[in-house]
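Take a look at the structure below.
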Amino acid sequence: MAGSETDKPESKKAAKKEQKKAEKASKKAEHRGGDKQTVVQEEVDISVGKYGVLPLIRSESKVERKYHKVCELTKDNAENEVWVRARLQTVRARGKQCFIVLRQREFTIQVLVNVSDKVSKAMVKFASNISKESIVDVNAKVAKVASEIAGCTQNDVELIATELWVVSSSDPQLPLQIEDASRPEKPEDAEGLNIKVKQDTRLDNRVLDLRTSANQAIFKLEGGVCRLFREYLTGKGFTEIHTPKIIPAASEGGANVFTVSYFKGSAYLAQSPQLYKQMAIAADFDRVFTVGAVFRAEDSNTHRHLTEFVGLDLEMAFLHHYHEVVTVIGDLFISIFKGLRDQFKTEINTICQQFPVEPFTFLDPPLILQFDEGRKMLAEVGVEVGPEEDLSTPAEKLLGRLVKAKYDTDFYILDKYPLAVRPFYTMPDPNSPISSNSYDMFMRGEEILSGAQRIHDPKFLTERAKHHGIDISKIQSYIDAFKYGCPPHAGGGIGLERVVMLYLGLDNIRKTSMFPRDPKRVTP
Ligand code: ATP
């Protein structure tokens, strides 16, 4: 460990006297906010002006000072003097030394505050009293260490502090400890399970919970999914659009819609951008996508349902066959999976350290199965699904396992769903009275996309709506959108949080929603 005390023998007596004085002075020292508050000490405190609580930063002045990122600090910076702003993760005082671990997102580094010719005992004491999770500014020398520092991402160097300022202090009473919230989730770790922070405690204190390295990585990766989605589709000539979230009528039937008061009347929160994407196609946008909030008033208390989630939706005109669109969506997923695998290695590694993540497998081009083939595979293992029945959730999961065993892929497309289980606007299959031009896509045996060719003929659409018992007057403006000619088109809707959950093999969608909304939770 670098940075040992350098007392000279001849000055030992004098130094001891000085230290006694400094100790006394440090007891008197006050560390409060307000005006720039360095420690008021007698002149014996050689560190006066080098530590304390900074006044509240209100942008009164600009400071020309280069700050280093924790992740940049390696042996290459040895002997350099650096400034770092980071969170104090842990602090441990030992005699004349105080060891701090600073954290910046998922990166950590050790800081040594050590009594020396530059650092007083009062400063060390001040350091040891800073509450965990406070934000500090440290001026320090980067020093190589003889042996690796366990538990820090920057394990070949430490910082020898010469200045230490508290920028924003944390309440010392933390409702959860970041170390506990970061513990690996291993079923065989009995001790770990006892300390494990409960999901509700995490979500109640989400700001703290989100500070764990795994959460930092999960939400970086989630941002990556949106970026990769946009990049791929933009590259294929799609236009990003924004659809209204306040709508006059329930988009997909009335049951699971939130009603909001709207001046003297009421309106609804959109359950899908579906109808508006289609209207954009009728308005000649040709290929559109949108990323935005989708609301479902379903009392579904499951590991994969939220009442508000982020929809990644797309719609595309085609020439002759809706498979032109299925191919684009399949390629879109492959490009997202490749992007995550290649550009988010570090994040995936970090997440692996806390959660048991099985690598996600996929085929390029993706596997497309017919609904009837899926039924056959299930029948072979004794699970019967009728030709006009939907797959139950357990049947979907089982089929996912059978597909994985047979084709070694965690992603596949199931095409040609029974007409009876799809919405009224789904184009019936011209070759079978009970089938439709519709598809679902699955990751690890769970649905992540539903899509179809939509009916673009207003007469046929009216007929199908009536067949479903829908009040035509309520959807007239939707039907009218196709009155003036509309290209054949198909599309689909994807749930962002589900994609991230299933790509990583996590067990709950609340882990991939920053501030989840479910039937029992609308806070924080
Ligand atoms: P499920 O059968 O799983 O409830 P759904 O058939 O209602 O889903 P769609 O309306 O087809 O789903 O929505 C398209 C996609 O949006 C789904 O494949 C899924 O990825 C996502 N999704 C749907 N409902 C939810 C929800 N409540 N919470 C999170 N994501 C959802």
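Residue numbering restarts at 1 in every chain; chains get A, B, ... in the order shown in the structure tokens, and ligands count up from 1 in that same order.
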- Message: If the limit is 8 Å from any atom of ligand 1, counting only C-alpha atoms and all ligand atoms, which residues qualify? Return them as an MDAnalysis selection string.
- Response: chainID A and resid 271:272 295:296 298 300 304:311 393 440:441 446:451 492:499 509
Keeping only N, CA and C atoms, write the selected residues as a compact mmCIF listing (two decimals), in the first residue's frame.
# COMPACT_ATOMS: atom_id res chain seq x y z
N GLN A 271 -53.62 2.63 -25.60
CA GLN A 271 -53.16 1.27 -25.29
C GLN A 271 -52.18 0.79 -26.34
N SER A 272 -52.02 1.59 -27.37
CA SER A 272 -51.13 1.22 -28.48
C SER A 272 -51.15 2.38 -29.49
N PHE A 295 -50.19 2.42 -22.40
CA PHE A 295 -50.88 2.24 -21.12
C PHE A 295 -51.85 1.06 -21.18
N ARG A 296 -51.82 0.21 -20.17
CA ARG A 296 -52.75 -0.91 -20.11
C ARG A 296 -53.35 -0.99 -18.71
N GLU A 298 -54.70 -3.17 -17.01
CA GLU A 298 -54.95 -4.59 -16.74
C GLU A 298 -54.50 -4.90 -15.32
N SER A 300 -53.02 -7.17 -14.05
CA SER A 300 -52.16 -8.35 -14.22
C SER A 300 -50.96 -8.20 -13.32
N ARG A 304 -44.29 -10.10 -15.95
CA ARG A 304 -44.03 -9.50 -17.27
C ARG A 304 -45.03 -8.44 -17.70
N HIS A 305 -45.93 -8.05 -16.80
CA HIS A 305 -46.91 -7.02 -17.16
C HIS A 305 -46.72 -5.74 -16.35
N LEU A 306 -46.74 -4.62 -17.05
CA LEU A 306 -46.73 -3.31 -16.41
C LEU A 306 -48.00 -2.60 -16.86
N THR A 307 -48.40 -1.58 -16.14
CA THR A 307 -49.56 -0.83 -16.60
C THR A 307 -49.13 0.32 -17.53
N GLU A 308 -47.83 0.66 -17.46
CA GLU A 308 -47.27 1.61 -18.43
C GLU A 308 -45.94 1.02 -18.87
N PHE A 309 -45.77 0.84 -20.16
CA PHE A 309 -44.49 0.36 -20.66
C PHE A 309 -44.09 1.16 -21.90
N VAL A 310 -42.86 0.92 -22.34
CA VAL A 310 -42.39 1.64 -23.52
C VAL A 310 -42.60 0.75 -24.74
N GLY A 311 -43.39 1.25 -25.67
CA GLY A 311 -43.65 0.50 -26.90
C GLY A 311 -42.67 0.90 -27.99
N THR A 393 -49.91 -19.06 -21.70
CA THR A 393 -48.54 -18.68 -21.33
C THR A 393 -47.67 -19.92 -21.07
N ASP A 440 -46.52 -13.66 -34.01
CA ASP A 440 -45.94 -13.22 -32.74
C ASP A 440 -44.46 -13.56 -32.80
N MET A 441 -43.67 -12.83 -32.03
CA MET A 441 -42.24 -13.18 -31.95
C MET A 441 -41.91 -13.43 -30.49
N GLU A 446 -41.10 -16.28 -24.38
CA GLU A 446 -42.14 -15.31 -23.98
C GLU A 446 -42.35 -14.32 -25.11
N GLU A 447 -43.62 -13.91 -25.26
CA GLU A 447 -43.98 -13.03 -26.37
C GLU A 447 -43.36 -11.65 -26.20
N ILE A 448 -42.72 -11.16 -27.26
CA ILE A 448 -42.20 -9.80 -27.20
C ILE A 448 -42.75 -8.95 -28.34
N LEU A 449 -43.37 -9.57 -29.32
CA LEU A 449 -43.98 -8.78 -30.39
C LEU A 449 -45.24 -9.47 -30.89
N SER A 450 -46.24 -8.65 -31.17
CA SER A 450 -47.44 -9.11 -31.86
C SER A 450 -47.57 -8.26 -33.09
N GLY A 451 -47.90 -8.88 -34.21
CA GLY A 451 -48.05 -8.07 -35.41
C GLY A 451 -48.90 -8.78 -36.44
N GLY A 492 -45.96 -4.13 -36.25
CA GLY A 492 -45.95 -4.84 -34.98
C GLY A 492 -45.58 -3.92 -33.83
N GLY A 493 -45.84 -4.42 -32.63
CA GLY A 493 -45.52 -3.66 -31.42
C GLY A 493 -44.68 -4.52 -30.49
N ILE A 494 -43.62 -3.90 -29.96
CA ILE A 494 -42.66 -4.62 -29.10
C ILE A 494 -42.65 -3.92 -27.74
N GLY A 495 -42.50 -4.68 -26.68
CA GLY A 495 -42.37 -4.07 -25.35
C GLY A 495 -40.90 -3.97 -24.99
N LEU A 496 -40.41 -2.74 -24.81
CA LEU A 496 -38.97 -2.52 -24.55
C LEU A 496 -38.50 -3.25 -23.29
N GLU A 497 -39.25 -3.09 -22.19
CA GLU A 497 -38.79 -3.68 -20.92
C GLU A 497 -38.73 -5.20 -21.02
N ARG A 498 -39.69 -5.77 -21.80
CA ARG A 498 -39.67 -7.23 -21.97
C ARG A 498 -38.45 -7.67 -22.76
N VAL A 499 -38.10 -6.92 -23.80
CA VAL A 499 -36.94 -7.29 -24.61
C VAL A 499 -35.69 -7.34 -23.73
N ILE A 509 -39.96 -8.04 -14.88
CA ILE A 509 -39.96 -6.84 -15.73
C ILE A 509 -39.70 -5.56 -14.92
- Message: Taking 5 positions as the minimum chain separation for residues in the same chain, which residues sit within 6 Å of Ser120 in chain A when counting only C-alpha atoms? Answer as a PyMOL selection string.
- Response: chain A and resi 45-47+115
Go ahead and dump the residues you just picked, all heavy atoms, as a JSON list (two decimals), in the first residue's frame.
[["chain", "number", "residue", "atom", "x", "y", "z"],
["A", 45, "ASP", "N", -3.13, 23.13, 12.12],
["A", 45, "ASP", "CA", -3.73, 22.20, 11.15],
["A", 45, "ASP", "C", -3.17, 22.54, 9.78],
["A", 45, "ASP", "O", -3.60, 23.49, 9.13],
["A", 45, "ASP", "CB", -5.26, 22.33, 11.15],
["A", 45, "ASP", "CG", -5.89, 21.30, 10.23],
["A", 45, "ASP", "OD1", -5.14, 20.64, 9.47],
["A", 45, "ASP", "OD2", -7.12, 21.15, 10.26],
["A", 46, "ILE", "N", -2.20, 21.72, 9.37],
["A", 46, "ILE", "CA", -1.52, 22.01, 8.11],
["A", 46, "ILE", "C", -2.43, 21.82, 6.91],
["A", 46, "ILE", "O", -2.10, 22.21, 5.80],
["A", 46, "ILE", "CB", -0.27, 21.11, 7.95],
["A", 46, "ILE", "CG1", -0.68, 19.65, 8.19],
["A", 46, "ILE", "CG2", 0.85, 21.54, 8.87],
["A", 46, "ILE", "CD1", 0.35, 18.67, 7.73],
["A", 47, "SER", "N", -3.62, 21.24, 7.12],
["A", 47, "SER", "CA", -4.52, 20.98, 5.99],
["A", 47, "SER", "C", -5.64, 22.00, 5.86],
["A", 47, "SER", "O", -6.54, 21.81, 5.03],
["A", 47, "SER", "CB", -5.13, 19.58, 6.12],
["A", 47, "SER", "OG", -4.13, 18.62, 6.15],
["A", 115, "VAL", "N", -2.29, 10.56, 7.37],
["A", 115, "VAL", "CA", -1.57, 11.65, 8.04],
["A", 115, "VAL", "C", -0.15, 11.69, 7.47],
["A", 115, "VAL", "O", 0.54, 10.67, 7.43],
["A", 115, "VAL", "CB", -1.52, 11.42, 9.57],
["A", 115, "VAL", "CG1", -0.65, 12.49, 10.24],
["A", 115, "VAL", "CG2", -2.93, 11.44, 10.15]]
- Task: Step one, run DSSP on the backbone; step two, keep only residues of range 91-167 of chain A assigned to strand (DSSP E); then write them as a ChimeraX atom specification.
- Result: /A:91-94,97-104,107-114,135-144,157-167
Which residues of range 441-465 of chain A sit at most 6 Å from range 414-436 of chain A, using only C-alpha atoms? Give each one's shortest atom pair and distance in Å (one decimal place), in chain and ascending residue order, as a Markdown table.
| residue | atom | partner | partner_atom | distance |
| --- | --- | --- | --- | --- |
| A:Gln453 | CA | A:Met427 | CA | 5.5 |
| A:Arg454 | CA | A:Thr426 | CA | 4.8 |
| A:Ile455 | CA | A:Met427 | CA | 5.1 |
| A:Arg464 | CA | A:Phe424 | CA | 5.6 |
| A:Ala465 | CA | A:Phe424 | CA | 5.4 |
Residues from the last selection, N, CA and C atoms, saved as a CSV table (one decimal), in the first residue's frame:
chain,number,residue,atom,x,y,z
A,453,GLN,N,-50.7,-8.3,-40.9
A,453,GLN,CA,-51.1,-7.5,-41.9
A,453,GLN,C,-52.4,-6.9,-41.5
A,454,ARG,N,-52.6,-5.6,-41.7
A,454,ARG,CA,-53.9,-4.9,-41.3
A,454,ARG,C,-54.8,-4.8,-42.5
A,455,ILE,N,-56.1,-4.8,-42.2
A,455,ILE,CA,-57.0,-4.6,-43.4
A,455,ILE,C,-57.0,-3.2,-43.8
A,464,ARG,N,-65.5,-6.7,-40.8
A,464,ARG,CA,-64.8,-7.5,-39.7
A,464,ARG,C,-65.1,-6.9,-38.3
A,465,ALA,N,-65.2,-5.6,-38.3
A,465,ALA,CA,-65.5,-4.9,-37.0
A,465,ALA,C,-66.8,-5.3,-36.5
- Item | Atomic distance CA of Val167 in chain A - CA of Ile130 in chain A, expressed in Å with one decimal |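 Computing the Euclidean distance for CA of Val167 in chain A and CA of Ile130 in chain A yields 11.0 Å.
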- Query: So how far away is CA of Leu332 in chain A from CA of Phe229 in chain A, in Å?
  - Reply: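 These atoms are spaced 7.0 Å apart.
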- Message: Just to confirm, what's the straight-line distance from CA of Gln216 in chain A to CA of Thr512 in chain A in Å (one decimal)?
- Response: 10.8 Å
- Task: Extract, using only C-alpha atoms, all DNA, RNA and protein residues at most 10 Å from Val403 in chain A, discarding same-chain residues fewer than 6 positions from it, and format them as a list in words.
- Result: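 The contact residues come out as Leu367, Leu369, Gly374, Met377, Lys397, Thr409, Asp410, Phe411, Tyr412, Arg444 and Gly445 of chain A.
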